[in-house]
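Q: One structure follows; several queries about it will come next.
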Amino acid sequence: MQANLQWLDDPEVFRVNQLPAHSDHHYYHDTAEFKTGSRFIKSLNGAWRFNFAKTPAERPVDFYQPDFDATDFDTIQVPGHIELAGYGQIQYINTLYPWEGKIYRRPPYTLNQDQLTPGLFSDAADNTVGSYLKTFDLDDAFKGQRIIIQFQGVEEALYVWLNGHFIGYAEDSFTPSEFDLTPYIQDQGNVLAVRVYKRSTAAFIEDQDMFRFSGIFRDVNILAEPASHITDLDIRPVPNANLKSGELNITTKVTGEPATLALTVKDHDGRVLTSQTQTGSVSVTFDTMLFDQLHLWSPQTPYLYQLTIEVYDADHQLLEVVPYQFGFRTVELRDDKVIYVNNKRLVINGVNRHEWNAHTGRVISMADMRADIQTMLANNINADRTCHYPDQLPWYQLCDEAGIYLMAENNLESHGSWQKMGAIEPSYNVPGDNPHWLAAVIDRARSNYEWFKNHPSIIFWSLGNESYAGEDIAAMQAFYKEHDDSRLVHYEGVVHTPELKDHISDVESRMYEKPQNIVAYLEDNPTKPFLDCEYMHDMGNSLGGMQSYNDLIDKYPMYQGGFIWDFIDQALFVHDPITDQDVLRYGGDFDERHSDYEFSGDGLMFADRTPKPAMQEVKYYYGLHK
């Protein structure tokens, strides 16, 4: 198969040769590697050769050929944003598409035109291209194994070649993309070529309120899989009604040779609670395990059990060890129309959190994530809405450990397709009811679910943000309901299409609703509990009046709190030659037009993670309902 540039123009092509999404578990050769690091993972982060082209027509067409002369290529750091490396235009936008007012462009298969638009992005003057090259050798532990490459995040459309052979194509910027390199891998001198286009049809459904970047902005790893390998781990811990006992069901997917899987579950103190051995291939299901005395996971006591699975071959040689921490907890929407977690009414003291670093944009570190967790705990914040895409893989584990509730959002926002200059006008809304966009958004739901399904911190799946509503989003909800009965589903945009409320969202969710309107809803015999998915908009000297929302918690059980917009400013440090100091610059400060200017600065913290005075208000009021 050869790469096709026209895939950029077609919403029905969003993954080619991409491996299926799976659980986010790690694997090691033995338990000693838990501390030293797995021999089965090799980072490709660091310096890559790089070429920037302003348009697809200007790209170096054959750069992926092993004998290509790349002496005139520059060097770029991976992970990183192309724009922050000095190429292209930095641009901050809220609702509009980046090209509005410059290029007439409509989503394919809309406006009653059952057709594609040739050259929509593949021959576009505003579609910048990054061509990356990386040469690597295989470590001894990788030789003779199946080799996978994992891109944890690439904006926005990704083509991959190895040693001159086309490997695959992927969209969905914020979930990992994996490809099998085995057929073309060499022990030495491998030439990995990656082409990243800033825009494809995915741009119509990745219109989040944020700086618009491109490039390989999360980790890149190659992974070696032993002869028998656990590719997926599905953990189902279910407390009984008494919340004192429960059962555990575990299913694995195994590739390669038939294997023996030895499972052990330990409590937090390392005591073995149960063990079991199963033999099989493809799919291995363990017998149900019963627990007589449960410790429940909650924000107050984020108790995690330790699962370990050892994989042995036919000669009982250890091939790999898979550890995973999991928790028992219940999430219920009862007949009284109130959500309960572990038999206690749920109160969300939440924030919306973009991933951000004032120096590197959405390229964030473990230190950034740990700092954010500590800030949340110190200020009585118990919940995070991952606005508006899946976050880096470690974030979910950190929230498990800290006891932070998660509303895990899909990478979906099509704001510019239905809201124009503040008016609701959905004539070419996507995904809408459009069958040509259905597979792409279902795939995003599937990826979000598969990667993060084992995390007790996730109590809501969120179908996305500000994408109006239609049958395609209803189908996303149906996917989650079919696959997961341990969580609820959230989506705010169905407020625009009340005829679909029976099919979309377990909660009534609104943005920036006035307290008196919330009262009117709650006193009118509502069918669903109420949740503020965004409220208080912390911009400038705001966040006054928080008590008026907090009072609702005491008066109305069906009011379940909300998520403040938002956690951290989006702003970038720039060196000012006049003062010779590094200063923070917001939207519009980079000569970009159009822009939504300082609207990028509405966090509880400045972009350097210094708390604003409003954080004191949050700590006080959120502390009243811990």
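Naming scheme: A, B, ... for chains in displayed order of the structure tokens; residues 1 onward per chain; ligands 1 onward as shown.
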Write out as a list in words each polymer residue whose atoms come within 9 Å of A:Asn357, counting only C-alpha atoms; drop sequence neighbours fewer than 2 positions from it.

A: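 Neighbouring residues, sequence-local ones excluded: Glu355, His359, Thr360, Gly361, Arg362, Val363, Ile364, Ser365, Asp368, Gln570, Ala571, Leu572, Ala607, Asp608 and Arg609 of chain A.
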
Q: Report as CSV: every residue of stretch 330-425 of chain A with an atom at most 12 Å from stretch 191-209 of chain A, its closest pair of atoms, and their distance in Å to one decimal, counting only C-alpha atoms, with rows sorted by chain and ascending residue number.

A:
residue,atom,partner,partner_atom,distance
A:Asn352,CA,A:Asp209,CA,11.9
A:Arg353,CA,A:Asp209,CA,11.8
A:His354,CA,A:Asp209,CA,9.5
A:Thr386,CA,A:Gln208,CA,11.9
A:Cys387,CA,A:Gln208,CA,8.5
A:His388,CA,A:Gln208,CA,6.7
A:Tyr389,CA,A:Gln208,CA,8.7
A:Asn410,CA,A:Glu206,CA,10.2
A:Asn411,CA,A:Glu206,CA,6.8
A:Leu412,CA,A:Ile205,CA,5.4
A:Glu413,CA,A:Ile205,CA,4.9
A:Ser414,CA,A:Ile205,CA,4.4
A:His415,CA,A:Asp207,CA,6.1
A:Gly416,CA,A:Asp207,CA,6.8
A:Ser417,CA,A:Phe204,CA,7.3
A:Trp418,CA,A:Phe204,CA,10.8
A:Gln419,CA,A:Asp207,CA,11.5

Q: Could you tell me, as number ranges by chain, which residues of stretch 182-349 of chain A DSSP assigns to strand (DSSP E) when given the backbone?

A: A: 190-197, 210-211, 215-216, 220-225, 228-239, 246-266, 272-285, 289-291, 305-312, 318-326, 331-333, 339-341, 344-345, 348-349

Q: Expressed in Å to a single decimal, how great is the separation between atom CA of A:Ala141 and atom CA of A:Ile41?

A: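 Taking atom CA of A:Ala141 and atom CA of A:Ile41, their separation equals 9.4 Å.
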
Q: Sort by chain and increasing residue number a table of all residues of stretch 504-584 of chain A within 12 Å of stretch 460-466 of chain A, each with its closest pair of atoms and their distance in Å to one decimal, counting only C-alpha atoms, and write it as a Markdown table.

A:
| residue | atom | partner | partner_atom | distance |
| --- | --- | --- | --- | --- |
| A:Ile504 | CA | A:Leu463 | CA | 9.0 |
| A:Ser505 | CA | A:Ser462 | CA | 8.5 |
| A:Asp506 | CA | A:Phe460 | CA | 9.4 |
| A:Val507 | CA | A:Phe460 | CA | 10.2 |
| A:Ser509 | CA | A:Ser462 | CA | 10.9 |
| A:Arg510 | CA | A:Glu466 | CA | 10.6 |
| A:Met511 | CA | A:Glu466 | CA | 9.8 |
| A:Leu531 | CA | A:Phe460 | CA | 11.7 |
| A:Cys533 | CA | A:Asn465 | CA | 9.7 |
| A:Glu534 | CA | A:Asn465 | CA | 10.5 |

Q: Could you save the residues just selected, with C-alpha atoms, as a PDB file, in the first residue's frame?

A:
ATOM      1  CA  ILE A 504     -27.710  11.529  25.061  1.00  0.00           C
ATOM      2  CA  SER A 505     -26.250  12.233  28.532  1.00  0.00           C
ATOM      3  CA  ASP A 506     -27.189  10.902  31.947  1.00  0.00           C
ATOM      4  CA  VAL A 507     -27.138  14.425  33.383  1.00  0.00           C
ATOM      5  CA  SER A 509     -25.364  19.706  31.795  1.00  0.00           C
ATOM      6  CA  ARG A 510     -25.164  23.397  30.982  1.00  0.00           C
ATOM      7  CA  MET A 511     -22.487  26.017  30.616  1.00  0.00           C
ATOM      8  CA  LEU A 531     -24.172  19.402  36.579  1.00  0.00           C
ATOM      9  CA  CYS A 533     -19.739  21.262  33.158  1.00  0.00           C
ATOM     10  CA  GLU A 534     -18.350  24.793  32.887  1.00  0.00           C
TER      11      GLU A 534
END

Q: Go through A:Tyr159, A:Phe151, A:Tyr521, A:Trp99 and flag the residue nearest A:Asn4, using only C-alpha atoms for the distances.

A: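 Result for the nearest residue to A:Asn4: A:Tyr159.
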
Q: Once DSSP has gone over the backbone, tell me which residues of stretch 420-571 of chain A are in alpha helix (DSSP H), as a ChimeraX atom specification.

A: /A:435-452,471-483,515-522,546-555

Q: Hey, can you check how far atom CA of A:Glu598 sits from atom CA of A:Gln581?

A: 20.3 Å

Q: Give me the residues within 9 Å of A:Ile404 as a PyMOL selection string, counting only C-alpha atoms and dropping any in the same chain fewer than 2 places off.

A: chain A and resi 298-299+302+373+376-377+381-384+398-402+406+457-458

Q: Based on the selection just made, write N, CA and C atoms of those residues as a PDB file, in the first residue's frame.

A:
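Saved to result_34.pdb:
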ATOM      1  N   SER A 298     -12.077   6.112  46.854  1.00  0.00           N
ATOM      2  CA  SER A 298     -12.825   7.368  46.901  1.00  0.00           C
ATOM      3  C   SER A 298     -11.820   8.506  46.995  1.00  0.00           C
ATOM      4  N   PRO A 299     -12.255   9.757  46.790  1.00  0.00           N
ATOM      5  CA  PRO A 299     -11.314  10.870  46.981  1.00  0.00           C
ATOM      6  C   PRO A 299     -10.756  10.941  48.397  1.00  0.00           C
ATOM      7  N   PRO A 302      -8.254   6.947  48.491  1.00  0.00           N
ATOM      8  CA  PRO A 302      -8.037   6.371  47.150  1.00  0.00           C
ATOM      9  C   PRO A 302      -7.286   5.044  47.210  1.00  0.00           C
ATOM     10  N   ILE A 373      -1.671  18.045  40.414  1.00  0.00           N
ATOM     11  CA  ILE A 373      -2.336  17.202  41.407  1.00  0.00           C
ATOM     12  C   ILE A 373      -2.218  17.829  42.790  1.00  0.00           C
ATOM     13  N   MET A 376      -4.499  20.792  43.176  1.00  0.00           N
ATOM     14  CA  MET A 376      -5.889  20.381  43.367  1.00  0.00           C
ATOM     15  C   MET A 376      -6.136  19.925  44.798  1.00  0.00           C
ATOM     16  N   LEU A 377      -5.283  19.079  45.317  1.00  0.00           N
ATOM     17  CA  LEU A 377      -5.466  18.566  46.672  1.00  0.00           C
ATOM     18  C   LEU A 377      -5.387  19.690  47.705  1.00  0.00           C
ATOM     19  N   ILE A 381     -10.034  20.735  45.458  1.00  0.00           N
ATOM     20  CA  ILE A 381     -10.552  20.379  44.132  1.00  0.00           C
ATOM     21  C   ILE A 381     -10.553  18.858  44.031  1.00  0.00           C
ATOM     22  N   ASN A 382     -11.710  18.264  43.813  1.00  0.00           N
ATOM     23  CA  ASN A 382     -11.796  16.797  43.813  1.00  0.00           C
ATOM     24  C   ASN A 382     -12.087  16.198  42.448  1.00  0.00           C
ATOM     25  N   ALA A 383     -12.146  17.034  41.400  1.00  0.00           N
ATOM     26  CA  ALA A 383     -12.538  16.498  40.097  1.00  0.00           C
ATOM     27  C   ALA A 383     -11.933  17.316  38.972  1.00  0.00           C
ATOM     28  N   ASP A 384     -11.650  16.614  37.881  1.00  0.00           N
ATOM     29  CA  ASP A 384     -11.056  17.237  36.690  1.00  0.00           C
ATOM     30  C   ASP A 384     -11.824  16.790  35.458  1.00  0.00           C
ATOM     31  N   LEU A 398      -2.160   9.047  37.975  1.00  0.00           N
ATOM     32  CA  LEU A 398      -1.945  10.012  39.047  1.00  0.00           C
ATOM     33  C   LEU A 398      -3.256  10.367  39.736  1.00  0.00           C
ATOM     34  N   CYS A 399      -4.332  10.482  38.966  1.00  0.00           N
ATOM     35  CA  CYS A 399      -5.638  10.783  39.558  1.00  0.00           C
ATOM     36  C   CYS A 399      -6.168   9.591  40.353  1.00  0.00           C
ATOM     37  N   ASP A 400      -5.903   8.366  39.883  1.00  0.00           N
ATOM     38  CA  ASP A 400      -6.236   7.180  40.679  1.00  0.00           C
ATOM     39  C   ASP A 400      -5.572   7.267  42.051  1.00  0.00           C
ATOM     40  N   GLU A 401      -4.288   7.563  42.046  1.00  0.00           N
ATOM     41  CA  GLU A 401      -3.509   7.556  43.281  1.00  0.00           C
ATOM     42  C   GLU A 401      -3.912   8.684  44.224  1.00  0.00           C
ATOM     43  N   ALA A 402      -4.276   9.835  43.662  1.00  0.00           N
ATOM     44  CA  ALA A 402      -4.571  11.009  44.485  1.00  0.00           C
ATOM     45  C   ALA A 402      -6.029  11.084  44.911  1.00  0.00           C
ATOM     46  N   LEU A 406     -12.462  11.892  37.613  1.00  0.00           N
ATOM     47  CA  LEU A 406     -12.225  12.327  36.244  1.00  0.00           C
ATOM     48  C   LEU A 406     -13.498  12.246  35.418  1.00  0.00           C
ATOM     49  N   SER A 457     -10.683   6.307  38.851  1.00  0.00           N
ATOM     50  CA  SER A 457     -10.916   7.751  38.950  1.00  0.00           C
ATOM     51  C   SER A 457     -11.937   8.239  37.929  1.00  0.00           C
ATOM     52  N   ILE A 458     -12.086   7.533  36.829  1.00  0.00           N
ATOM     53  CA  ILE A 458     -13.044   7.957  35.798  1.00  0.00           C
ATOM     54  C   ILE A 458     -14.445   7.552  36.240  1.00  0.00           C
TER      55      ILE A 458
END
